[in-house]
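Novice: Quick one: this structure, given as structure tokens, is what I'll be asking you about.
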Amino acid sequence: MALLDKTFYIETFGCQMNVHDSEKVIGTLVHEGYRQVETEIEAALILYNTCSIRDKAEQKVFNRLNDYKALHKKGKRFAVLGCVAQQEGEKIFERAPYVSLVSGSASYRKLPEMLAQLEAGEERITGLDDRQTDETFETEFTARSNRHRGYITIIEGCDKFCAYCVVPYTRGKERSRTSHSVLAEARRMADAGYTDIQLLGQNVNSYKDPSGKMSFAELLAAVGQVAGIRRVRFTTSHPRDFTRDIVEAIDAQPTLCDHVHLPVQSGSSHVLKRMQREYTREWYLERIAWIQAARRPISLTTDIIVGFPGETDEDFEQTITLLAQVQYDAVFAFKYSPRPNTPAISMEDSIPEEIKTQRLQILLDRQREIQRKNYCRHIGEIVEVMVEGHNTARGQVFGRSSQNKVVNFTVDAPILPAPGNYLNVRITQAFPNSLLGEAVVSGREAAQMHLSIQDASIEISIV
Ligand code: SF4
């Protein structure tokens, strides 16, 4: 069945890596003459960029395919991209025979060829590169929907093989981009008006410049020195590879944000060993001590899995004591979910669901109290906020601080500042997940804000 026309709809599930992959896929499709539409009904080609980190996320994709399968009879074509595509491979054609294209992220560089096959009417197209691939998906046609803040992938894949994780099987081995290529993209973005850049990778700390010129910390500092760039973030870090020079780079370069996300997963060295995380509680806390000794306060956030096979009450208690010790500003906590093909799936001592739920609730309650106190410390401070949008019902503007905290604030000016503006905000109230304040705005800043509103009329930029 050939394509009816060159319109496409894409829905993205999962992490920031997937969101950014979709931006690159959209850029590639647009470059190939396709036009993006808002709904499945309007599109000739329907793409789902999928996530398989948890069973629920995977199930969502098959539900979505099922909901829209009748559209296939009207000549619409379906493509499944991302982690579920790589994990399930050609089995997707059996489960959903109306799907025509299945591609993992390590094959996206072949998208133009795969699209040509699709247009020619081929019914079973696959891009399923395994861990052997050395290629990265670099394109100058990235369709970024935010005009001020954007991602740059610096490393793809993962070589860590944590016992619970599918990523090394779905995204292939680690492949870093050259520092030259990363910096060229950062400069192009700065020239296009971007001021806030987030360097992305499954494990950015294991970045290895193929040209041998820069370490991760040096690359971080170099991106921070690109003219026009005001904020640089990075995610995700791995404690095993987190080095002290990253903190030194943050100390030396003011554009590097005051925030480090350092996933710990468990506070118990015994559980960390079963998880194959390659560090102990003590190793992790040493890195936390480096970060907390930085010259400016750096906000710390983390990921935690509760109920990993074999986690005892004592192990869980160690995670709770770690929260108290580190005093994170946010914790992304999940119940362990067994994933196919991972070592943890065959581990004994699985934890009953109700215990996992109880532990998760205890952890979230404790963390909420920590955040309540942490956020209150900002009352009276003046923090710089990059505007992200407006809550017109409340007459408020919202954005993020360098510490990545959400700040809602009022502005005493005739017009509200457009997204992308940076304003100083005096914090007047604090909640466990956000801050409230009022902008400290000069007449000059108000004039600049007006200019930015006019700029904001362009919605998508291809950089
Ligand atoms: S570091 Fe571990 S958790 Fe992170 S992507 Fe790699 S295997 Fe998965």
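How things are named: the first chain in the structure tokens is A, the next is B, and so on; residues count from 1 in each chain; ligands count from 1 in the order shown.
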May I have the residues within 8 Å of range 407-422 of chain A as number ranges by chain, using only C-alpha atoms and disregarding those fewer than 6 positions away in the same chain?

Specialist: A: 147-149, 195, 384-390, 395-401, 434-441, 446, 449-450, 452-453, 456

Novice: Convert the current residue selection to file output with C-alpha atoms, as a CSV table (one decimal), in the first residue's frame.

Specialist:
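This went into selection_28.csv:
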```csv
chain,number,residue,atom,x,y,z
A,147,ARG,CA,12.8,28.3,20.5
A,148,HIS,CA,14.9,29.1,23.6
A,149,ARG,CA,15.8,25.8,25.2
A,195,THR,CA,20.1,30.4,25.3
A,384,GLU,CA,17.1,34.4,38.0
A,385,VAL,CA,14.2,32.7,36.1
A,386,MET,CA,13.9,31.8,32.5
A,387,VAL,CA,10.3,32.4,31.5
A,388,GLU,CA,8.5,29.3,30.0
A,389,GLY,CA,4.9,30.5,29.9
A,390,HIS,CA,1.9,32.2,31.5
A,395,GLY,CA,-2.2,36.3,36.2
A,396,GLN,CA,1.2,34.6,36.8
A,397,VAL,CA,4.3,33.8,34.7
A,398,PHE,CA,6.1,30.6,35.2
A,399,GLY,CA,9.7,29.4,34.5
A,400,ARG,CA,12.7,27.7,36.0
A,401,SER,CA,15.6,28.8,38.1
A,434,SER,CA,7.6,25.1,43.4
A,435,LEU,CA,8.4,28.7,44.5
A,436,LEU,CA,6.2,31.8,44.3
A,437,GLY,CA,7.5,35.3,43.9
A,438,GLU,CA,7.4,38.7,42.2
A,439,ALA,CA,9.6,39.9,39.4
A,440,VAL,CA,12.1,42.7,39.9
A,441,VAL,CA,11.8,44.4,36.5
A,446,ALA,CA,10.2,45.6,30.1
A,449,MET,CA,10.3,41.7,26.9
A,450,HIS,CA,8.2,43.4,24.3
A,452,SER,CA,10.7,38.9,22.6
A,453,ILE,CA,6.9,38.7,22.3
A,456,ALA,CA,7.8,34.4,19.8
```

Novice: Show me a table, sorted first by chain and then by increasing residue number, of the residues of chain A having an atom at most 6 Å from ligand 1, each with its shortest atom pair and the distance in Å to one decimal, counting only C-alpha atoms and all ligand atoms and written as a tab-separated table.

Specialist:
```
residue	atom	partner	partner_atom_place_in_ligand_line	distance
A:Cys158	CA	ligand 1	6 (Fe)	4.8
A:Lys160	CA	ligand 1	7 (S)	4.7
A:Phe161	CA	ligand 1	7 (S)	4.1
A:Cys162	CA	ligand 1	2 (Fe)	4.2
A:Cys165	CA	ligand 1	8 (Fe)	4.5
A:Val167	CA	ligand 1	8 (Fe)	5.0
A:Pro168	CA	ligand 1	7 (S)	5.6
A:Gln202	CA	ligand 1	5 (S)	4.9
A:Asn203	CA	ligand 1	1 (S)	5.8
```

Novice: Those same residues - C-alpha atoms - I'd like them written as a PDB file, in the first residue's frame.

Specialist:
```pdb
ATOM      1  CA  CYS A 158      24.919   2.512  27.138  1.00  0.00           C
ATOM      2  CA  LYS A 160      26.599  -0.231  31.872  1.00  0.00           C
ATOM      3  CA  PHE A 161      24.114  -3.165  31.888  1.00  0.00           C
ATOM      4  CA  CYS A 162      22.359  -2.363  35.163  1.00  0.00           C
ATOM      5  CA  CYS A 165      17.470  -1.932  32.552  1.00  0.00           C
ATOM      6  CA  VAL A 167      18.468   0.406  27.483  1.00  0.00           C
ATOM      7  CA  PRO A 168      21.788  -1.342  26.629  1.00  0.00           C
ATOM      8  CA  GLN A 202      22.103   7.753  28.791  1.00  0.00           C
ATOM      9  CA  ASN A 203      25.335   8.239  30.696  1.00  0.00           C
TER      10      ASN A 203
END
```

Novice: Smallest atom-to-atom distance to Gln16 in chain A: which of A:Cys51, A:Met347, A:Leu323, A:Ala227, using only C-alpha atoms?

Specialist: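 When distances to Gln16 in chain A are compared using only C-alpha atoms, the smallest one comes from A:Cys51.
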
Novice: Please give the complete set of residues from range 239-374 of chain A that DSSP, run on the backbone, assigns to alpha helix (DSSP H), formatted as a PyMOL selection string.

Specialist: chain A and resi 244-252+269-274+281-292+313-326+353-374

Novice: May I ask which of the residues A:Gln325, A:Ser346, A:Thr312, A:Thr243 is the closest one to His270 in chain A, counting only C-alpha atoms?

Specialist: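 Smallest separation from His270 in chain A among the options: A:Thr312.
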
Novice: Find the residues around range 290-305 of chain A up to 7 Å (only C-alpha atoms counted), leave out those fewer than 3 positions away in its own chain, and share them as a list of chain:residue names.

Specialist: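 That gives A:Arg244, A:Val247, A:Asp251, A:Asp258, A:His259, A:Val260, A:His261, A:Leu262, A:Pro263, A:Val264, A:Gln265, A:Ser266, A:Glu286, A:Arg287, A:Phe308, A:Tyr328, A:Asp329, A:Ala330, A:Val331, A:Phe332, A:Ala333, A:Phe334, A:Lys335, A:Tyr336, A:Gln403.
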
Novice: Could you turn the residues from that selection into a file that holds N, CA and C atoms, as a JSON list (two decimals), in the first residue's frame?

Specialist:
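Output below, filename again.json:
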```
[["chain", "number", "residue", "atom", "x", "y", "z"],
["A", 244, "ARG", "N", 35.41, 14.51, 39.60],
["A", 244, "ARG", "CA", 35.46, 15.77, 40.35],
["A", 244, "ARG", "C", 35.59, 16.99, 39.44],
["A", 247, "VAL", "N", 32.50, 19.10, 38.83],
["A", 247, "VAL", "CA", 32.17, 20.11, 39.84],
["A", 247, "VAL", "C", 33.10, 21.32, 39.66],
["A", 251, "ASP", "N", 32.04, 25.19, 39.04],
["A", 251, "ASP", "CA", 32.60, 26.29, 39.84],
["A", 251, "ASP", "C", 33.19, 27.39, 38.97],
["A", 258, "ASP", "N", 23.21, 25.35, 38.35],
["A", 258, "ASP", "CA", 23.44, 24.90, 39.73],
["A", 258, "ASP", "C", 22.59, 23.66, 40.02],
["A", 259, "HIS", "N", 22.74, 22.65, 39.22],
["A", 259, "HIS", "CA", 21.89, 21.47, 39.39],
["A", 259, "HIS", "C", 22.60, 20.22, 38.86],
["A", 260, "VAL", "N", 22.62, 19.17, 39.67],
["A", 260, "VAL", "CA", 23.15, 17.88, 39.21],
["A", 260, "VAL", "C", 22.12, 16.81, 39.53],
["A", 261, "HIS", "N", 21.75, 16.05, 38.50],
["A", 261, "HIS", "CA", 20.86, 14.90, 38.70],
["A", 261, "HIS", "C", 21.76, 13.67, 38.75],
["A", 262, "LEU", "N", 21.84, 13.06, 39.93],
["A", 262, "LEU", "CA", 22.76, 11.91, 40.08],
["A", 262, "LEU", "C", 21.96, 10.70, 40.60],
["A", 263, "PRO", "N", 21.50, 9.86, 39.67],
["A", 263, "PRO", "CA", 20.63, 8.73, 40.09],
["A", 263, "PRO", "C", 21.36, 7.77, 41.02],
["A", 264, "VAL", "N", 20.75, 7.51, 42.19],
["A", 264, "VAL", "CA", 21.40, 6.59, 43.13],
["A", 264, "VAL", "C", 20.77, 5.19, 43.05],
["A", 265, "GLN", "N", 19.48, 5.15, 42.82],
["A", 265, "GLN", "CA", 18.65, 3.92, 42.70],
["A", 265, "GLN", "C", 18.40, 3.21, 44.02],
["A", 266, "SER", "N", 19.40, 3.12, 44.92],
["A", 266, "SER", "CA", 19.16, 2.54, 46.26],
["A", 266, "SER", "C", 20.23, 3.08, 47.21],
["A", 286, "GLU", "N", 30.58, 10.04, 48.46],
["A", 286, "GLU", "CA", 31.80, 10.82, 48.23],
["A", 286, "GLU", "C", 31.56, 11.84, 47.10],
["A", 287, "ARG", "N", 30.88, 11.40, 46.04],
["A", 287, "ARG", "CA", 30.57, 12.32, 44.93],
["A", 287, "ARG", "C", 29.61, 13.43, 45.38],
["A", 308, "PHE", "N", 13.31, -3.59, 44.58],
["A", 308, "PHE", "CA", 14.15, -4.42, 43.70],
["A", 308, "PHE", "C", 14.27, -5.81, 44.34],
["A", 328, "TYR", "N", 17.90, 15.82, 49.01],
["A", 328, "TYR", "CA", 17.62, 16.11, 47.60],
["A", 328, "TYR", "C", 16.51, 17.15, 47.45],
["A", 329, "ASP", "N", 16.55, 17.85, 46.31],
["A", 329, "ASP", "CA", 15.46, 18.78, 45.98],
["A", 329, "ASP", "C", 14.35, 18.10, 45.20],
["A", 330, "ALA", "N", 14.61, 16.93, 44.65],
["A", 330, "ALA", "CA", 13.55, 16.15, 43.98],
["A", 330, "ALA", "C", 14.03, 14.71, 43.85],
["A", 331, "VAL", "N", 13.06, 13.79, 43.97],
["A", 331, "VAL", "CA", 13.37, 12.37, 43.80],
["A", 331, "VAL", "C", 12.34, 11.78, 42.84],
["A", 332, "PHE", "N", 12.80, 11.11, 41.82],
["A", 332, "PHE", "CA", 11.91, 10.41, 40.90],
["A", 332, "PHE", "C", 11.95, 8.95, 41.30],
["A", 333, "ALA", "N", 10.89, 8.50, 41.99],
["A", 333, "ALA", "CA", 10.91, 7.16, 42.58],
["A", 333, "ALA", "C", 9.89, 6.27, 41.89],
["A", 334, "PHE", "N", 10.28, 5.03, 41.67],
["A", 334, "PHE", "CA", 9.41, 4.07, 40.98],
["A", 334, "PHE", "C", 9.48, 2.73, 41.67],
["A", 335, "LYS", "N", 8.39, 1.96, 41.52],
["A", 335, "LYS", "CA", 8.43, 0.57, 41.98],
["A", 335, "LYS", "C", 9.16, -0.23, 40.91],
["A", 336, "TYR", "N", 9.95, -1.20, 41.35],
["A", 336, "TYR", "CA", 10.66, -2.04, 40.38],
["A", 336, "TYR", "C", 9.67, -2.73, 39.45],
["A", 403, "GLN", "N", 18.65, 26.29, 39.32],
["A", 403, "GLN", "CA", 18.58, 25.02, 40.05],
["A", 403, "GLN", "C", 17.46, 24.12, 39.53]]
```

Novice: Using 10 Å as the limit and counting only C-alpha atoms, can you tabulate each residue of range 21-137 of chain A that touches range 171-180 of chain A, with its shortest atom-to-atom distance in Å and the two atoms involved, as CSV?

Specialist:
```
residue,atom,partner,partner_atom,distance
A:Gly82,CA,A:Arg171,CA,8.2
A:Cys83,CA,A:Arg171,CA,7.0
A:Gln86,CA,A:Arg171,CA,7.8
A:Gln87,CA,A:Arg171,CA,9.4
A:Gly104,CA,A:Arg171,CA,7.2
A:Ser105,CA,A:Arg171,CA,6.2
A:Ala106,CA,A:Arg171,CA,6.1
A:Ser107,CA,A:Arg171,CA,9.6
A:Asp129,CA,A:Gly172,CA,7.9
A:Asp130,CA,A:Gly172,CA,5.9
A:Arg131,CA,A:Gly172,CA,4.1
A:Gln132,CA,A:Lys173,CA,7.0
A:Thr133,CA,A:Gly172,CA,7.1
A:Asp134,CA,A:Arg175,CA,6.2
A:Glu135,CA,A:Arg175,CA,7.1
A:Thr136,CA,A:Arg175,CA,6.6
A:Phe137,CA,A:Arg177,CA,9.3
```

Novice: Give me, as a list in words, the residues of range 174-291 of chain A that a backbone DSSP run labels strand (DSSP E or B).

Specialist: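 Across range 174-291 of chain A, those assigned strand (DSSP E or B) are Arg175, Ser176, Asp196, Ile197, Gln198, Leu199, Leu200, Arg231, Val232, Arg233, Phe234, Thr235, Leu256, His259, Val260, His261 and Gln265 of chain A.
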
Novice: Would you save the residues of that selection, restricted to N, CA and C atoms, as a short mmCIF file (atom, residue, chain, number, x, y, z; two decimals), in the first residue's frame?

Specialist:
```cif
data_model
loop_
_atom_site.label_atom_id
_atom_site.label_comp_id
_atom_site.auth_asym_id
_atom_site.auth_seq_id
_atom_site.Cartn_x
_atom_site.Cartn_y
_atom_site.Cartn_z
N ARG A 175 28.20 5.34 21.95
CA ARG A 175 28.85 6.02 20.82
C ARG A 175 28.83 7.52 21.09
N SER A 176 30.00 8.13 21.24
CA SER A 176 30.05 9.57 21.52
C SER A 176 30.21 10.35 20.22
N ASP A 196 19.51 28.26 26.31
CA ASP A 196 19.52 27.21 27.35
C ASP A 196 19.69 25.86 26.66
N ILE A 197 20.79 25.19 26.97
CA ILE A 197 21.11 23.93 26.29
C ILE A 197 21.23 22.81 27.30
N GLN A 198 20.67 21.66 26.95
CA GLN A 198 20.80 20.49 27.82
C GLN A 198 21.54 19.40 27.05
N LEU A 199 22.70 19.01 27.57
CA LEU A 199 23.46 17.94 26.92
C LEU A 199 22.87 16.60 27.37
N LEU A 200 22.62 15.74 26.41
CA LEU A 200 21.89 14.50 26.70
C LEU A 200 22.72 13.26 26.41
N ARG A 231 22.61 29.17 29.83
CA ARG A 231 22.43 28.04 30.76
C ARG A 231 22.79 26.73 30.07
N VAL A 232 23.55 25.89 30.78
CA VAL A 232 23.86 24.55 30.26
C VAL A 232 23.55 23.55 31.37
N ARG A 233 22.78 22.53 31.00
CA ARG A 233 22.48 21.43 31.92
C ARG A 233 22.97 20.14 31.28
N PHE A 234 22.98 19.07 32.05
CA PHE A 234 23.36 17.77 31.47
C PHE A 234 22.61 16.67 32.19
N THR A 235 22.26 15.66 31.43
CA THR A 235 21.57 14.52 32.02
C THR A 235 21.70 13.33 31.06
N LEU A 256 27.13 27.18 33.60
CA LEU A 256 26.75 25.81 33.93
C LEU A 256 25.80 25.86 35.13
N HIS A 259 22.74 22.65 39.22
CA HIS A 259 21.89 21.47 39.39
C HIS A 259 22.60 20.22 38.86
N VAL A 260 22.62 19.17 39.67
CA VAL A 260 23.15 17.88 39.21
C VAL A 260 22.12 16.81 39.53
N HIS A 261 21.75 16.05 38.50
CA HIS A 261 20.86 14.90 38.70
C HIS A 261 21.76 13.67 38.75
N GLN A 265 19.48 5.15 42.82
CA GLN A 265 18.65 3.92 42.70
C GLN A 265 18.40 3.21 44.02
#
```

Novice: Write out as a PyMOL selection string each polymer residue whose atoms come within 7 Å of range 364-376 of chain A, counting only C-alpha atoms; drop sequence neighbours fewer than 6 positions from it.

Specialist: chain A and resi 327+329+430-432

Novice: Restricting the calculation to only C-alpha atoms: of A:Ala163, A:Leu360, A:Ala192, A:Val102, which residue gets closest to Tyr48 in chain A?

Specialist: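 Checking each of A:Ala163, A:Leu360, A:Ala192, A:Val102 against Tyr48 in chain A, counting only C-alpha atoms, the winner is A:Val102.
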
Novice: Given the choices A:Ala143, A:Cys15, A:Ile10, A:Val182, which gets closest to Val37 in chain A if the distance is worked out from only C-alpha atoms?

Specialist: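 With only C-alpha atoms as the atom set, the closest residue is A:Ile10.
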